[in-house]
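Only one structure is covered here, and it is reproduced in the block below.
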Amino acid sequence: MNKWTRRAFIGAGSITGGGFLLGVAGFTFAPSRHSLVGDDAAARGQLTTWITVTPDDAVTILIPHCEMGQGVPTALAMMAAEEMDADWANVRVQEAPALDAYANGYIVRAAGGDFIPASMARGLDYASFKAAEWFGFQVTGGSTAVRGTGEFGMRVAGAAARQMLVEAAARDWAVVPGECTVAKSRITHAASGRSTTFGPIARKAAALSVPSRPTLKDPNSYVLRRTSVPRLDIPAKVNGTAKYAIDVRMPGLLYAALAMAPVNGGQLVSVAPAPAEGMAGVKKVVRLPNGVAVVADSFWRARKALAALTPQFSDAGHGGVSTASIFAAYDTALGAAPSLPSGAAKTVTADYKAPFLAHATMEPMVCTAKVENGRAEIWTGVQDPLNARSAAAKALGIDVEQVTLTNHLLGGGFGRRLPFTFDYVELGVLVAQAMSPAPVQTIWTRENDIQHDYYRGAAMSRHAGALDADGRPLAAHSVYTGGGNGEAVSMPYDIEDMDADEKKAPHHVRNGQWRSVLNSQHGFFKESFVDEMAHAAGADPFTFRRALLGKAPRFKAALEKAADMAGWGGPLPKGEGRGIAICESFGTICAEVAHVAVAADGALQVKHVYAAVDCGDIVNLDTAKSQVEGGIVFALSAALLSEITIEQGKVVQSNFRDYPMIHLADTPLVSVEFLRSDAPLGGLGEPCVPPLAPALTNAIYAACGVRVRELPVKKTPLVRA
Amino acid sequence: MAITLTVNGTTHTLEIEPDMPVLWLLREQLNLTGTKYGCGIAACGACTVHLDGRAVRSCVLPASAADGKAVTTIEGLAANGPLHPVQQAWIAQQVPQCGYCQSGMIMAVAGLLAQTPPPTESDIDARLTNVCRCGTFTRIRTAIQATLRTAATAATTEASAPSVPPGTAATTEAAR
Ligand code: FES
Ligand code: FES
């Protein structure tokens, strides 16, 4: 668990260093505060601790989020350090242990309280951030980290720490706290010429009570935020020392390989263990409700032995389902095209489809567990350690207090490692229980991962729009199925008559959250349709949209910025085109322009993607950029190539050969610019995903006249008109 | 069967089955976990190591094929010396996100750049087929260009002042 620390390893939950610990933002809401801090806490000066300052001037900040690639811990620490006026060179970061008192909600409620503006309320509903669900969650998802924990937790904690340190110094010097200034971890009282760094005063500061409403900095006075700070986790990621769940090692560790029922809902009917049992290194064949595991002294041996088995599974009655049958049911559920008001000069209708998608995190699912005497120790990588811990306890039928969970760096999350999708943890602890007391590492193969995901839902949408004689849109109606929500289907445009209606057509394929949740499907649907309306109106797709954004100045500014960056309207060679799209999700508005070329033979090249992003304000400039770049490449790979299909109830694809990804050669240039609107902070890991697919397909239309209405793009032949 | 191989400069003799891929040999027998499993079928490059100086995908490289050979993993790329130029460029450009693909990515790039003459942009495009799910390719391209520029400058400097201090460039070369 020693992560991100640049010069010293600090064990999780056991901050030591012979120092006096300045606890900030006490947890009046924490149910088990005393058991959290331990008996010697008072002697060490430890309160429930988010920020600690030791005599060597080190500032250690505990972060209740995991690192899955977004640089969240660095950004959160920057937010606290900014308010503290701490010297960044002395800041260390550590992931909070998986204990209730460190649930995200606590830091927000304890420290933030009524700081949370009403304008966040909408975000709270859409992200996994609902107040009602806070208890028991420690989630990194829904783009909540910086805008929730950071804005209402870390900032307040940092400001409180600063105030306590100043107060302690001022008392020492018998001066007025308001006359002291702080910069780079140094408190100065100019009139008396006195000054100290944080370290020597920390013990006295820790004895003061924690201010409940410390003064936050004016955003115009930030010195650390909006700069590019090197991420703390990167050095370990270039030399092989970064530790992921798959890298957990311990004496006597066994490895398990899994086969699971290929049809979701199916169970293990029978398995004859004999063929595996005699093989090299094999310890045991373990039957699971919906699968079978072979445990051996090496993963390779476990896998080889597993291949010798012929387990029989039931199909739960879903053996006749295919992608075709699912989309046929969608089509039926959608029914006739939505009706339009009478009197339109022109109407437009279109259907769009988006496929199931796997997350295919680069690190497959891995869980290491040791179960002994009614207790379990777990080492894994999850986006919500607290929830994973409860899931494991439930699977084992033991009390959650009997479970410890150590989280690791995630080799990608994208929504796969969220609450309610912890099957890999549940199966992992069951395998370990069968091998008790030996520790067992259950590794999913890529095939397991692709075939047993919680998929981005396949979705379909049916649209109808009406234009008046001047080409102005009068109405835009749609019906959709496969999932949706208010945020995903809503459009910023000033069209008087808009609605989107959900139809249900359930199926057995298990769905989950996939980077940007439902916005990735609906971003494609709605921004494709607006483009089609623009073309039907004979208008330029950019000016058509802009004319409808008069009442949405943030959207208008982002749209104009993206167009400007891309040189919208400038001449292009034959066969090239630009497409534009704009979506809001997780509090961030993102406009993107794609520039593509379609060769005479239909070969597509994506040359450049431009993104104008308004996430309110940014924290770590370079990390923010990398999130947008990565999101665009992630979305592009999916839009061009990715599709999970179902035959006989089973997932057809199994690895990167039949579920391919784009490579370096396919990657366009990506330009990113941020607009500072000072709106409440929005997310960054997800909001740049939804506009990419429609920007791309709109560009393809501009380049060759082919309208792509179904993803991935590779399914539609591009023949240049 | 007994397999003898040199890993990051240390020679090991292991009693293992000849078909065990070098990936698992490294990760489980030698506890060198920097080399990652991503697909097991040579389709992602997360497991890339150098075998006698050439970048190879270790998930499909049987132990028997490494018998008597030298393997360099990400842990050995810099040995105990300064970081390899590719690693330095990766930090300077802040390439990694989740980082899981990056050991393989760095080994693949280091293997490519060790060639003479240096690979062109289209060589790199054609030969760097590693998968990165976090989508760090834009930065990977910038970092490779930066490394090539540094190498070109170094080559010019070396040509005019050939006395390279021992243990720097030469060591790095050997480690590849
Ligand atoms: S793990 Fe070897 S290429 Fe993917
Ligand atoms: S950095 Fe996450 S897969 Fe490449």
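FYI, nothing fancy with the structure tokens labels: chains A, B, ... in order, residues from 1 per chain, ligands from 1 as they appear.
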Once you count only C-alpha atoms, what closest atom pair and distance in Å to one decimal does each residue of chain A within 7 Å of chain B have, with rows by chain and rising residue number, as JSON lines?
```
{"residue": "A:Met68", "atom": "CA", "partner": "B:Cys98", "partner_atom": "CA", "distance": 5.2}
{"residue": "A:Gly69", "atom": "CA", "partner": "B:Cys98", "partner_atom": "CA", "distance": 3.6}
{"residue": "A:Gln70", "atom": "CA", "partner": "B:Gln97", "partner_atom": "CA", "distance": 6.2}
{"residue": "A:Ile234", "atom": "CA", "partner": "B:Pro96", "partner_atom": "CA", "distance": 6.4}
{"residue": "A:Pro235", "atom": "CA", "partner": "B:Ile91", "partner_atom": "CA", "distance": 6.6}
{"residue": "A:Lys237", "atom": "CA", "partner": "B:Gly99", "partner_atom": "CA", "distance": 5.3}
{"residue": "A:Val238", "atom": "CA", "partner": "B:Gln87", "partner_atom": "CA", "distance": 5.8}
{"residue": "A:Asn239", "atom": "CA", "partner": "B:Glu75", "partner_atom": "CA", "distance": 5.8}
{"residue": "A:Gly240", "atom": "CA", "partner": "B:Gly34", "partner_atom": "CA", "distance": 3.9}
{"residue": "A:Thr241", "atom": "CA", "partner": "B:Gly34", "partner_atom": "CA", "distance": 6.2}
{"residue": "A:Asp247", "atom": "CA", "partner": "B:Thr33", "partner_atom": "CA", "distance": 5.7}
{"residue": "A:Ser298", "atom": "CA", "partner": "B:Glu28", "partner_atom": "CA", "distance": 6.8}
{"residue": "A:Trp300", "atom": "CA", "partner": "B:Trp24", "partner_atom": "CA", "distance": 6.7}
{"residue": "A:Thr361", "atom": "CA", "partner": "B:Arg133", "partner_atom": "CA", "distance": 6.4}
{"residue": "A:Met362", "atom": "CA", "partner": "B:Arg133", "partner_atom": "CA", "distance": 5.9}
{"residue": "A:Glu363", "atom": "CA", "partner": "B:Gly38", "partner_atom": "CA", "distance": 6.2}
{"residue": "A:Pro364", "atom": "CA", "partner": "B:Gly38", "partner_atom": "CA", "distance": 7.0}
{"residue": "A:Leu410", "atom": "CA", "partner": "B:Cys98", "partner_atom": "CA", "distance": 6.4}
{"residue": "A:Gly411", "atom": "CA", "partner": "B:Tyr100", "partner_atom": "CA", "distance": 5.0}
{"residue": "A:Gly412", "atom": "CA", "partner": "B:Cys98", "partner_atom": "CA", "distance": 5.5}
{"residue": "A:Arg446", "atom": "CA", "partner": "B:Cys39", "partner_atom": "CA", "distance": 5.2}
{"residue": "A:Gly630", "atom": "CA", "partner": "B:Gly135", "partner_atom": "CA", "distance": 4.3}
{"residue": "A:Gly631", "atom": "CA", "partner": "B:Gly135", "partner_atom": "CA", "distance": 6.9}
{"residue": "A:Val633", "atom": "CA", "partner": "B:Gly135", "partner_atom": "CA", "distance": 4.9}
{"residue": "A:Phe634", "atom": "CA", "partner": "B:Gly135", "partner_atom": "CA", "distance": 5.5}
{"residue": "A:Asn655", "atom": "CA", "partner": "B:Cys39", "partner_atom": "CA", "distance": 6.7}
{"residue": "A:Phe656", "atom": "CA", "partner": "B:Ala43", "partner_atom": "CA", "distance": 6.0}
{"residue": "A:Arg657", "atom": "CA", "partner": "B:Ala43", "partner_atom": "CA", "distance": 6.5}
{"residue": "A:Met661", "atom": "CA", "partner": "B:Val131", "partner_atom": "CA", "distance": 6.7}
{"residue": "A:His663", "atom": "CA", "partner": "B:Thr129", "partner_atom": "CA", "distance": 5.6}
{"residue": "A:Leu664", "atom": "CA", "partner": "B:Phe137", "partner_atom": "CA", "distance": 5.5}
{"residue": "A:Ala665", "atom": "CA", "partner": "B:Asp125", "partner_atom": "CA", "distance": 4.6}
{"residue": "A:Thr667", "atom": "CA", "partner": "B:Phe137", "partner_atom": "CA", "distance": 6.6}
{"residue": "A:Leu669", "atom": "CA", "partner": "B:Thr138", "partner_atom": "CA", "distance": 6.8}
```
**OP:** Could you give me, as number ranges by chain, the residues within 9 Å of Gly252 in chain A, counting only C-alpha atoms and dropping anything in the same chain fewer than 3 positions from it?
**Re:** A: 249, 297, 438-440
Prev. selection, all heavy atoms, output as an mmCIF file, in the first residue's frame:
```cif
data_model
loop_
_atom_site.group_PDB
_atom_site.id
_atom_site.type_symbol
_atom_site.label_atom_id
_atom_site.label_comp_id
_atom_site.auth_asym_id
_atom_site.auth_seq_id
_atom_site.Cartn_x
_atom_site.Cartn_y
_atom_site.Cartn_z
ATOM 1 N N ARG A 249 2.707 -10.560 -3.707
ATOM 2 C CA ARG A 249 3.468 -11.778 -3.460
ATOM 3 C C ARG A 249 3.574 -12.000 -1.965
ATOM 4 O O ARG A 249 3.710 -11.033 -1.207
ATOM 5 C CB ARG A 249 4.887 -11.671 -4.057
ATOM 6 C CG ARG A 249 4.931 -11.614 -5.583
ATOM 7 C CD ARG A 249 4.547 -12.972 -6.180
ATOM 8 N NE ARG A 249 4.525 -12.946 -7.644
ATOM 9 C CZ ARG A 249 3.440 -12.660 -8.373
ATOM 10 N NH1 ARG A 249 2.305 -12.342 -7.781
ATOM 11 N NH2 ARG A 249 3.497 -12.687 -9.683
ATOM 12 N N ASP A 297 0.500 -24.240 -7.804
ATOM 13 C CA ASP A 297 1.606 -23.438 -7.262
ATOM 14 C C ASP A 297 2.107 -22.412 -8.274
ATOM 15 O O ASP A 297 3.034 -21.665 -7.985
ATOM 16 C CB ASP A 297 2.743 -24.343 -6.770
ATOM 17 C CG ASP A 297 3.311 -25.196 -7.895
ATOM 18 O OD1 ASP A 297 2.811 -25.106 -9.044
ATOM 19 O OD2 ASP A 297 4.254 -25.969 -7.625
ATOM 20 N N ALA A 438 -4.190 -21.259 3.199
ATOM 21 C CA ALA A 438 -3.206 -20.782 2.221
ATOM 22 C C ALA A 438 -3.704 -19.506 1.530
ATOM 23 O O ALA A 438 -4.886 -19.414 1.206
ATOM 24 C CB ALA A 438 -2.945 -21.855 1.178
ATOM 25 N N PRO A 439 -2.838 -18.550 1.294
ATOM 26 C CA PRO A 439 -3.237 -17.391 0.492
ATOM 27 C C PRO A 439 -3.314 -17.784 -0.986
ATOM 28 O O PRO A 439 -2.465 -18.526 -1.476
ATOM 29 C CB PRO A 439 -2.106 -16.383 0.726
ATOM 30 C CG PRO A 439 -0.921 -17.191 1.137
ATOM 31 C CD PRO A 439 -1.436 -18.467 1.753
ATOM 32 N N VAL A 440 -4.344 -17.327 -1.660
ATOM 33 C CA VAL A 440 -4.532 -17.677 -3.075
ATOM 34 C C VAL A 440 -4.751 -16.424 -3.903
ATOM 35 O O VAL A 440 -5.546 -15.555 -3.528
ATOM 36 C CB VAL A 440 -5.755 -18.598 -3.276
ATOM 37 C CG1 VAL A 440 -5.845 -19.051 -4.743
ATOM 38 C CG2 VAL A 440 -5.700 -19.801 -2.352
#
```
Subject >> DSSP-assigned strand (DSSP E) among range 534-615 of chain A, expressed as an MDAnalysis selection string >> reply: chainID A and resid 576:585 588:598 604:614
From range 592-641 of chain A, collect each residue whose DSSP state is helix (DSSP H, G or I) and return the set as an mmCIF file with N, CA, C and O atoms, in the first residue's frame.
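In the end it all went to result-v5.cif:
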```
data_model
loop_
_atom_site.group_PDB
_atom_site.id
_atom_site.type_symbol
_atom_site.label_atom_id
_atom_site.label_comp_id
_atom_site.auth_asym_id
_atom_site.auth_seq_id
_atom_site.Cartn_x
_atom_site.Cartn_y
_atom_site.Cartn_z
ATOM 1 N N LEU A 621 -2.907 21.138 -14.303
ATOM 2 C CA LEU A 621 -3.109 21.398 -15.729
ATOM 3 C C LEU A 621 -2.695 20.228 -16.614
ATOM 4 O O LEU A 621 -3.452 19.784 -17.476
ATOM 5 N N ASP A 622 -1.508 19.702 -16.388
ATOM 6 C CA ASP A 622 -1.007 18.666 -17.282
ATOM 7 C C ASP A 622 -1.802 17.369 -17.123
ATOM 8 O O ASP A 622 -2.085 16.674 -18.089
ATOM 9 N N THR A 623 -2.158 17.043 -15.883
ATOM 10 C CA THR A 623 -2.954 15.838 -15.650
ATOM 11 C C THR A 623 -4.334 15.985 -16.274
ATOM 12 O O THR A 623 -4.881 15.037 -16.848
ATOM 13 N N ALA A 624 -4.889 17.186 -16.159
ATOM 14 C CA ALA A 624 -6.206 17.433 -16.736
ATOM 15 C C ALA A 624 -6.138 17.187 -18.243
ATOM 16 O O ALA A 624 -6.998 16.522 -18.821
ATOM 17 N N LYS A 625 -5.071 17.688 -18.863
ATOM 18 C CA LYS A 625 -4.915 17.479 -20.306
ATOM 19 C C LYS A 625 -4.798 15.996 -20.636
ATOM 20 O O LYS A 625 -5.394 15.509 -21.595
ATOM 21 N N SER A 626 -4.026 15.293 -19.839
ATOM 22 C CA SER A 626 -3.806 13.880 -20.151
ATOM 23 C C SER A 626 -5.098 13.090 -19.990
ATOM 24 O O SER A 626 -5.334 12.121 -20.711
ATOM 25 N N GLN A 627 -5.959 13.501 -19.062
ATOM 26 C CA GLN A 627 -7.252 12.824 -18.924
ATOM 27 C C GLN A 627 -8.102 13.003 -20.174
ATOM 28 O O GLN A 627 -8.773 12.075 -20.610
ATOM 29 N N VAL A 628 -8.068 14.204 -20.728
ATOM 30 C CA VAL A 628 -8.861 14.461 -21.925
ATOM 31 C C VAL A 628 -8.266 13.696 -23.116
ATOM 32 O O VAL A 628 -8.988 13.036 -23.871
ATOM 33 N N GLU A 629 -6.943 13.759 -23.258
ATOM 34 C CA GLU A 629 -6.301 13.024 -24.357
ATOM 35 C C GLU A 629 -6.643 11.541 -24.272
ATOM 36 O O GLU A 629 -7.021 10.901 -25.259
ATOM 37 N N GLY A 630 -6.498 10.992 -23.074
ATOM 38 C CA GLY A 630 -6.759 9.572 -22.881
ATOM 39 C C GLY A 630 -8.212 9.224 -23.135
ATOM 40 O O GLY A 630 -8.524 8.200 -23.755
ATOM 41 N N GLY A 631 -9.104 10.075 -22.675
ATOM 42 C CA GLY A 631 -10.527 9.823 -22.875
ATOM 43 C C GLY A 631 -10.875 9.806 -24.352
ATOM 44 O O GLY A 631 -11.688 8.998 -24.815
ATOM 45 N N ILE A 632 -10.245 10.678 -25.104
ATOM 46 C CA ILE A 632 -10.505 10.755 -26.542
ATOM 47 C C ILE A 632 -9.999 9.495 -27.240
ATOM 48 O O ILE A 632 -10.699 8.906 -28.075
ATOM 49 N N VAL A 633 -8.814 9.053 -26.887
ATOM 50 C CA VAL A 633 -8.272 7.844 -27.515
ATOM 51 C C VAL A 633 -9.117 6.622 -27.123
ATOM 52 O O VAL A 633 -9.439 5.761 -27.957
ATOM 53 N N PHE A 634 -9.493 6.552 -25.862
ATOM 54 C CA PHE A 634 -10.347 5.456 -25.355
ATOM 55 C C PHE A 634 -11.667 5.419 -26.134
ATOM 56 O O PHE A 634 -12.117 4.366 -26.604
ATOM 57 N N ALA A 635 -12.274 6.599 -26.286
ATOM 58 C CA ALA A 635 -13.562 6.683 -26.980
ATOM 59 C C ALA A 635 -13.397 6.388 -28.465
ATOM 60 O O ALA A 635 -14.268 5.758 -29.079
ATOM 61 N N LEU A 636 -12.284 6.817 -29.030
ATOM 62 C CA LEU A 636 -12.053 6.597 -30.462
ATOM 63 C C LEU A 636 -11.885 5.105 -30.755
ATOM 64 O O LEU A 636 -12.433 4.581 -31.727
ATOM 65 N N SER A 637 -11.141 4.426 -29.893
ATOM 66 C CA SER A 637 -10.933 2.993 -30.066
ATOM 67 C C SER A 637 -12.281 2.275 -30.083
ATOM 68 O O SER A 637 -12.555 1.437 -30.943
ATOM 69 N N ALA A 638 -13.134 2.645 -29.130
ATOM 70 C CA ALA A 638 -14.456 2.023 -29.047
ATOM 71 C C ALA A 638 -15.291 2.370 -30.275
ATOM 72 O O ALA A 638 -15.928 1.501 -30.874
ATOM 73 N N ALA A 639 -15.284 3.649 -30.657
ATOM 74 C CA ALA A 639 -16.150 4.088 -31.752
ATOM 75 C C ALA A 639 -15.750 3.428 -33.069
ATOM 76 O O ALA A 639 -16.593 3.091 -33.890
ATOM 77 N N LEU A 640 -14.459 3.248 -33.268
ATOM 78 C CA LEU A 640 -14.006 2.681 -34.532
ATOM 79 C C LEU A 640 -14.173 1.166 -34.572
ATOM 80 O O LEU A 640 -14.572 0.607 -35.590
ATOM 81 N N LEU A 641 -13.810 0.507 -33.461
ATOM 82 C CA LEU A 641 -13.588 -0.938 -33.542
ATOM 83 C C LEU A 641 -14.397 -1.819 -32.614
ATOM 84 O O LEU A 641 -14.545 -3.011 -32.888
#
```
Original post:
Hey, what's within 12 Å of Gly523 in chain A if we count only C-alpha atoms and toss same-chain stuff fewer than 6 positions away? As a PyMOL selection string, please?
Top reply: chain A and resi 352-354+459+461+484-485+487-492+516-517+529-531+580-585+589-592+635+639+687-697
Original post:
Which is closer to Tyr424 in chain A than all the others in A:Leu681, A:Met260, A:Ala329, A:Ala324, using only C-alpha atoms?
Top reply: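 Closest to Tyr424 in chain A of all the choices is A:Met260.
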**OP:** Excluding Ile644 in chain A and residues on its chain fewer than 5 positions from it, collect all residues at most 10 Å away from it, counting only C-alpha atoms, and give them as a list in words.
**Re:** Thr323, Pro355, Phe356, Leu357, Ala358, Ile450, Gln451, Tyr455, Arg456, Gly457, Ala458, Val651, Val652, Gln653, Ser654, Asp658 and Tyr659 of chain A
Mind writing the picked residues with C-alpha atoms as a compact mmCIF listing (two decimals), in the first residue's frame?
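Result went into result.txt, see below:
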```txt
# COMPACT_ATOMS: atom_id res chain seq x y z
CA THR A 323 -27.27 -9.71 -30.38
CA PRO A 355 -23.18 -1.99 -29.10
CA PHE A 356 -22.28 -3.71 -25.84
CA LEU A 357 -18.72 -2.83 -24.87
CA ALA A 358 -16.24 -4.45 -22.51
CA ILE A 450 -13.81 -10.04 -21.91
CA GLN A 451 -16.44 -12.75 -21.52
CA TYR A 455 -20.85 -4.44 -20.21
CA ARG A 456 -21.63 -0.96 -21.40
CA GLY A 457 -25.23 -1.54 -22.37
CA ALA A 458 -26.21 -1.95 -25.98
CA VAL A 651 -20.21 -13.46 -25.46
CA VAL A 652 -18.47 -14.17 -28.75
CA GLN A 653 -15.28 -12.12 -28.29
CA SER A 654 -12.51 -13.30 -26.02
CA ASP A 658 -11.36 -10.29 -31.75
CA TYR A 659 -11.89 -7.31 -29.45
```
Original post:
If we count only C-alpha atoms, what is near Val175 in chain A at a cut-off of 12 Å, once residues fewer than 5 positions away on the same chain are taken out, given as a PyMOL selection string?
Top reply: chain A and resi 166-170+180+188-195
Original post:
Residues at most 8 Å from Ala70 in chain B, counting only C-alpha atoms, excluding those fewer than 4 positions away in the same chain, as an MDAnalysis selection string?
Top reply: chainID B and resid 5:9 50:53 66
Expected file contents, prior selection, N, CA, C and O atoms, as a PDB file, in the first residue's frame:
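After the write, again_6.pdb holds the following:
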```
ATOM      1  N   LEU B   5      19.222 -19.317 -17.647  1.00  0.00           N
ATOM      2  CA  LEU B   5      19.128 -18.046 -18.367  1.00  0.00           C
ATOM      3  C   LEU B   5      19.650 -16.919 -17.493  1.00  0.00           C
ATOM      4  O   LEU B   5      19.715 -17.060 -16.260  1.00  0.00           O
ATOM      5  N   THR B   6      20.060 -15.847 -18.146  1.00  0.00           N
ATOM      6  CA  THR B   6      20.562 -14.690 -17.419  1.00  0.00           C
ATOM      7  C   THR B   6      19.490 -13.622 -17.456  1.00  0.00           C
ATOM      8  O   THR B   6      19.007 -13.268 -18.523  1.00  0.00           O
ATOM      9  N   VAL B   7      19.095 -13.182 -16.279  1.00  0.00           N
ATOM     10  CA  VAL B   7      18.061 -12.152 -16.208  1.00  0.00           C
ATOM     11  C   VAL B   7      18.638 -10.919 -15.533  1.00  0.00           C
ATOM     12  O   VAL B   7      19.107 -10.995 -14.393  1.00  0.00           O
ATOM     13  N   ASN B   8      18.621  -9.827 -16.239  1.00  0.00           N
ATOM     14  CA  ASN B   8      19.164  -8.560 -15.728  1.00  0.00           C
ATOM     15  C   ASN B   8      20.572  -8.751 -15.155  1.00  0.00           C
ATOM     16  O   ASN B   8      20.911  -8.204 -14.108  1.00  0.00           O
ATOM     17  N   GLY B   9      21.353  -9.577 -15.822  1.00  0.00           N
ATOM     18  CA  GLY B   9      22.742  -9.758 -15.432  1.00  0.00           C
ATOM     19  C   GLY B   9      22.993 -10.888 -14.454  1.00  0.00           C
ATOM     20  O   GLY B   9      24.136 -11.252 -14.211  1.00  0.00           O
ATOM     21  N   HIS B  50      13.405  -7.892 -23.301  1.00  0.00           N
ATOM     22  CA  HIS B  50      14.433  -8.041 -24.331  1.00  0.00           C
ATOM     23  C   HIS B  50      15.099  -9.409 -24.197  1.00  0.00           C
ATOM     24  O   HIS B  50      15.483  -9.800 -23.101  1.00  0.00           O
ATOM     25  N   LEU B  51      15.173 -10.109 -25.310  1.00  0.00           N
ATOM     26  CA  LEU B  51      15.852 -11.400 -25.338  1.00  0.00           C
ATOM     27  C   LEU B  51      17.089 -11.215 -26.217  1.00  0.00           C
ATOM     28  O   LEU B  51      16.954 -10.934 -27.413  1.00  0.00           O
ATOM     29  N   ASP B  52      18.241 -11.328 -25.597  1.00  0.00           N
ATOM     30  CA  ASP B  52      19.492 -11.011 -26.294  1.00  0.00           C
ATOM     31  C   ASP B  52      19.372  -9.684 -27.047  1.00  0.00           C
ATOM     32  O   ASP B  52      19.765  -9.559 -28.206  1.00  0.00           O
ATOM     33  N   GLY B  53      18.775  -8.695 -26.378  1.00  0.00           N
ATOM     34  CA  GLY B  53      18.731  -7.346 -26.933  1.00  0.00           C
ATOM     35  C   GLY B  53      17.543  -7.045 -27.820  1.00  0.00           C
ATOM     36  O   GLY B  53      17.335  -5.904 -28.202  1.00  0.00           O
ATOM     37  N   ALA B  66      14.434 -19.510 -24.120  1.00  0.00           N
ATOM     38  CA  ALA B  66      15.297 -18.544 -23.448  1.00  0.00           C
ATOM     39  C   ALA B  66      16.511 -19.237 -22.835  1.00  0.00           C
ATOM     40  O   ALA B  66      17.371 -18.587 -22.244  1.00  0.00           O
TER      41      ALA B  66
END
```
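Picture a line from CA of Ala157 in chain A to CA of Ala77 in chain A; it runs 10.6 Å.
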Original post:
By how many Å are CA of Ala274 in chain A and CA of Ala432 in chain A apart?
Top reply: 20.7 Å
